[in-house]
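For reference, the structure discussed in these notes is given below.
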Amino acid sequence: NILEHYYSGAQVSFANMPARVRVGLLEGRRSISATSSLFDSGKGQIVFKVAGGMRVATGNAGANWRVVPSPTGGLRLYKNGDRITRDGKSVFGSPQRPLVAQYERYHSLIRITEKGRDYAFGRMNFGTYASGSCGDYCLRLVLRIPMQEYLFGLGEVPSSWPQASLRSQAITGRTYAFQKVLRYGQHRYPCDCAVYDSTYDQAYIGDAKRTGSPSYWDDWMRAVTATQSQVILYDGAPIQAYYSSSSGGYTENNENVWGGTPLPYLRGVPDGPDAVGANPNHTWSVSLGWRTFSAKLDAAFGTGALQRFRLLKPFGVSGRVTVVKGPDRGGVRIVGANRTVRASGLSIQSALGLKDTLFSVAIRYDGAALSPDDSGRDRTMSATSDALSTAAPRPPWQTEATFSRP
């Protein structure tokens with residue numbers, strides 16, 4: 001019922017999952033480092049092999065590993081600073097045959113230094129690909145992991161949530177990954193993956209999901225296990241299961257956020273439970289000094305010194321700032337000393353580091369400065385108001401912009 005409310009006209013059903021999901025952890029690297037530790041038994045052992053081929057090296061807990069691409073697209077492996085040589089070879093694999101680190105079968109954790117995270121499940125693939133950004137070849141890291149174990153490490157919501165909400169999240173996360181596999185395959189460039197481990201797709205945090213909330217870990221595992229192979233379908237196909245941890249009380253139509261074709265199951269609907277006291281993001285506020293506000297917009301859009309900033313109607317069904325819909329409709333108009341730009345709510349969210357596109361804006365003027373009506377009071381931005389009047393220039397350090405979700 002929860003999912004069918006948020007995804008209009010969709011239904012939860014069972015589907016056959018891929019044997020493994022490829023999760024992109026790193027790319028564009030000149031080296032990647034790792035260590036191992038004990039998970040629940042054994043010696044913290046890690047074994048490196050060439051995919052489909054020979055064993056290259058083995059080490060126990062505490063061993064330090066470093067993988068480096070060779071100029072020919074193979075890989076060099078270092079253990080505790082010493083270069084590994086096997087059968088007279090010191091370069092292993094190729095762009096088609098990565099180095100594979102096995103640890104789960106030995107009850108070990110692998111820690112990827114560049115990620116600052118531990119991983120208990122799956123296998124790590126250290127691969128190379130041609131790219132001028134690294135000289136000849138870049139290094140990337142892909143986690144190959146069964147779908148259920150992938151979901152064990154999904155870090156999108158707290159494990160302390162009620163079981164019904166956790167089960168809904170497990171189904172949604174599974175649907176998102178499953179649909180990406182079907183839509184784009186498992187070898188997207190340049191990650192060579194189906195999904196990234198960041199919020200570009202879904203936040204996969206590895207063993208931190210267990211250690212970050214140990215008293216609720218069993219609750220999350222139970223939710224994932226109880227919903228095994230369940231996904232959200234519309235007309236028999238998995239949906240694009242976009243979601244967020246907090247909606248501000250109302251979700252939004254997809255075309256108002258990203259543009260494109262309206263999807264019947266991504267319609268804005270009321271989200272009353274978002275107002276629960278335990279949700280820290282139901283309301284929020286971000287204040288920016290005027291210089292910072294102007295500089296962030298200039299960095300993103302090349303506008304120069306900010307002169308005017310206007311939100312334009314129509315807003316979304318939830319009140320969100322939308323995509324640009326026409327010359328004077330939707331999104332934001334930014335007037336700067338260098339140029340005037342139209343931008344979507346989503347691009348403003350990214351440029352300013354906001355939490356959502358559902359926001360209002362208030363401008364505070366210092367007592368020594370003039371406000372638009374000479375009263376000195378705060379001014380809330382709307383579709384017909386400007387943040388700064390060019391008729392009375394003001395020192396930028398005397399103003400502040402506050403973005404907030406009401």
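Chains: A, B, ... in order of the structure tokens. Residues: from 1 per chain. Ligands: from 1, in order shown.
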Practice prompt. Do a neighbour search on Gly52 in chain A at 10 Å with only C-alpha atoms, toss out local chain neighbours closer than 3 positions, and write the hits as a PyMOL selection string.
Written response: chain A and resi 49+55+93+97-100
Next, write the just-selected residues to a file, as a PDB file, in the first residue's frame, keeping C-alpha atoms as the atom set.
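So the final result, stored in result_22.pdb, reads:
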```
ATOM      1  CA  LYS A  49      43.400 -13.638  -9.078  1.00  0.00           C
ATOM      2  CA  ARG A  55      46.062 -16.900  -8.485  1.00  0.00           C
ATOM      3  CA  GLY A  93      45.510  -9.274 -16.723  1.00  0.00           C
ATOM      4  CA  ARG A  97      40.656  -9.526 -17.710  1.00  0.00           C
ATOM      5  CA  PRO A  98      40.719  -7.540 -14.449  1.00  0.00           C
ATOM      6  CA  LEU A  99      42.379  -8.475 -11.190  1.00  0.00           C
ATOM      7  CA  VAL A 100      39.778  -9.933  -8.831  1.00  0.00           C
TER       8      VAL A 100
END
```
Would you give me, as CSV, each residue of range 20-105 of chain A having an atom within 7 Å of an atom of range 145-164 of chain A, along with its shortest atom pair and that distance in Å to one decimal, using only C-alpha atoms and sorting by chain and residue number?
```
residue,atom,partner,partner_atom,distance
A:Arg20,CA,A:Pro146,CA,4.2
A:Val21,CA,A:Ile145,CA,5.4
A:Arg22,CA,A:Ile145,CA,6.6
```
C-alpha atoms of the current selection, written as a short mmCIF file (atom, residue, chain, number, x, y, z; two decimals), in the first residue's frame:
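Dumped everything to result.cif:
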```
data_model
loop_
_atom_site.label_atom_id
_atom_site.label_comp_id
_atom_site.auth_asym_id
_atom_site.auth_seq_id
_atom_site.Cartn_x
_atom_site.Cartn_y
_atom_site.Cartn_z
CA ARG A 20 25.05 -10.21 -9.70
CA VAL A 21 24.97 -6.44 -9.91
CA ARG A 22 28.04 -4.45 -10.96
#
```
Item to complete: Fewer than 2 positions away in the same chain doesn't count, so skip those; otherwise give me all residues within 9 Å of range 310-327 of chain A, counting only C-alpha atoms, as JSON, numbers by chain.
Response: {"A": [248, 249, 250, 251, 252, 253, 255, 256, 257, 258, 259, 267, 268, 269, 270, 308, 329, 330, 331, 332, 333, 334, 335, 342, 343, 344, 345, 346, 347, 356, 357, 358, 359, 381, 382, 383, 384, 385, 386, 387]}
Could you take the residues named above and write them with C-alpha atoms, as a PDB file, in the first residue's frame?
```
ATOM      1  CA  GLY A 248       8.729  18.044   2.419  1.00  0.00           C
ATOM      2  CA  GLY A 249       5.185  16.682   2.524  1.00  0.00           C
ATOM      3  CA  TYR A 250       4.468  16.311  -1.199  1.00  0.00           C
ATOM      4  CA  THR A 251       6.230  14.501  -4.034  1.00  0.00           C
ATOM      5  CA  GLU A 252       6.521  15.908  -7.565  1.00  0.00           C
ATOM      6  CA  ASN A 253       5.704  15.060 -11.170  1.00  0.00           C
ATOM      7  CA  GLU A 255       8.613  16.275 -15.824  1.00  0.00           C
ATOM      8  CA  ASN A 256       8.770  19.200 -13.395  1.00  0.00           C
ATOM      9  CA  VAL A 257      12.050  17.976 -11.903  1.00  0.00           C
ATOM     10  CA  TRP A 258      13.964  16.527 -14.870  1.00  0.00           C
ATOM     11  CA  GLY A 259      11.847  17.513 -17.874  1.00  0.00           C
ATOM     12  CA  ARG A 267       2.892  11.805 -10.182  1.00  0.00           C
ATOM     13  CA  GLY A 268       3.108  14.164  -7.231  1.00  0.00           C
ATOM     14  CA  VAL A 269       1.142  12.891  -4.227  1.00  0.00           C
ATOM     15  CA  PRO A 270       0.719  13.970  -0.585  1.00  0.00           C
ATOM     16  CA  ARG A 308      19.029  39.867 -10.027  1.00  0.00           C
ATOM     17  CA  ARG A 329       7.872  30.343 -17.378  1.00  0.00           C
ATOM     18  CA  GLY A 330       9.372  27.955 -14.864  1.00  0.00           C
ATOM     19  CA  GLY A 331      12.781  27.669 -13.271  1.00  0.00           C
ATOM     20  CA  VAL A 332      14.944  30.629 -12.296  1.00  0.00           C
ATOM     21  CA  ARG A 333      16.221  33.737 -14.061  1.00  0.00           C
ATOM     22  CA  ILE A 334      19.701  34.868 -12.983  1.00  0.00           C
ATOM     23  CA  VAL A 335      20.918  38.286 -14.112  1.00  0.00           C
ATOM     24  CA  ARG A 342      17.774  30.578 -17.141  1.00  0.00           C
ATOM     25  CA  ALA A 343      18.217  27.550 -14.876  1.00  0.00           C
ATOM     26  CA  SER A 344      16.108  24.713 -13.486  1.00  0.00           C
ATOM     27  CA  GLY A 345      15.367  24.248  -9.821  1.00  0.00           C
ATOM     28  CA  LEU A 346      17.507  21.109  -9.858  1.00  0.00           C
ATOM     29  CA  SER A 347      20.536  22.979 -11.220  1.00  0.00           C
ATOM     30  CA  ASP A 356      15.724  19.968  -2.523  1.00  0.00           C
ATOM     31  CA  THR A 357      14.005  22.055  -5.174  1.00  0.00           C
ATOM     32  CA  LEU A 358      11.136  22.763  -2.774  1.00  0.00           C
ATOM     33  CA  PHE A 359      12.358  26.030  -1.282  1.00  0.00           C
ATOM     34  CA  MET A 381      11.274  35.901  -2.995  1.00  0.00           C
ATOM     35  CA  SER A 382       8.370  34.881  -5.161  1.00  0.00           C
ATOM     36  CA  ALA A 383       7.670  34.596  -8.851  1.00  0.00           C
ATOM     37  CA  THR A 384       7.202  38.375  -9.056  1.00  0.00           C
ATOM     38  CA  SER A 385       9.955  39.620  -6.748  1.00  0.00           C
ATOM     39  CA  ASP A 386      13.668  40.181  -7.253  1.00  0.00           C
ATOM     40  CA  ALA A 387      16.367  39.419  -4.737  1.00  0.00           C
TER      41      ALA A 387
END
```
Worksheet entry | Top pick for closest residue to Cys191 in chain A, considering A:Gly127, A:Gly44, A:Pro71, A:Pro214 and counting only C-alpha atoms |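 Closest residue, counting only C-alpha atoms: A:Gly127.
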Thr303 in chain A: which residues within 8 Å, counting only C-alpha atoms, same-chain residues fewer than 5 positions away excluded, as an mmCIF file with C-alpha atoms, in the first residue's frame?
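Output contents, as saved in part.cif:
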```
data_model
loop_
_atom_site.group_PDB
_atom_site.id
_atom_site.type_symbol
_atom_site.label_atom_id
_atom_site.label_comp_id
_atom_site.auth_asym_id
_atom_site.auth_seq_id
_atom_site.Cartn_x
_atom_site.Cartn_y
_atom_site.Cartn_z
ATOM 1 C CA LEU A 297 26.105 31.059 -9.156
ATOM 2 C CA ASP A 298 29.024 32.484 -11.135
ATOM 3 C CA ILE A 334 19.701 34.868 -12.983
ATOM 4 C CA VAL A 335 20.918 38.286 -14.112
ATOM 5 C CA GLY A 336 24.626 38.826 -13.634
ATOM 6 C CA ALA A 337 27.201 41.375 -14.722
ATOM 7 C CA ASN A 338 28.427 38.976 -17.424
ATOM 8 C CA ARG A 339 25.217 37.442 -18.699
ATOM 9 C CA THR A 340 21.642 36.411 -18.004
ATOM 10 C CA VAL A 341 20.890 32.727 -17.509
#
```
Practice prompt. Tell me which of A:Tyr129, A:Tyr243, A:Tyr234, A:Tyr78 sits closest to Ser33 in chain A, counting only C-alpha atoms.
Written response: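 Of all the options, A:Tyr78 lies closest to Ser33 in chain A.
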Item to complete: Point out the residue among A:His282, A:Val23, A:Tyr119, A:Tyr184 with the least atom-to-atom distance to Lys209 in chain A, counting only C-alpha atoms.
Response: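 Of A:His282, A:Val23, A:Tyr119, A:Tyr184, the one nearest Lys209 in chain A, counting only C-alpha atoms, is A:Tyr119.
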Item to complete: Extract, using only C-alpha atoms, all DNA, RNA and protein residues at most 7 Å from range 134-141 of chain A, discarding same-chain residues fewer than 3 positions from it, and format them as a list in words.
Response: Gly24, Leu25, Leu26, Glu27, Gly28, Arg29, Arg30, Ser31, Pro69, Pro71, Gly73, Met124, Asn125, Phe126, Gly127, Thr128, Tyr129, Ala130, Ser131 and Cys191 of chain A
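Across A:Ala51, A:Ala295, A:Leu288, A:Ile46, the tightest approach to Thr402 in chain A is made by A:Leu288 when counting only C-alpha atoms.
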Practice prompt. Could you find all residues in range 47-254 of chain A that DSSP calls strand (DSSP E) from the backbone, and write them as number ranges by chain?
Written response: A: 47-50, 55-59, 64-69, 75-79, 82-83, 99-102, 108-112, 117-119, 123-130, 137-145, 195-196, 230-234, 237-238
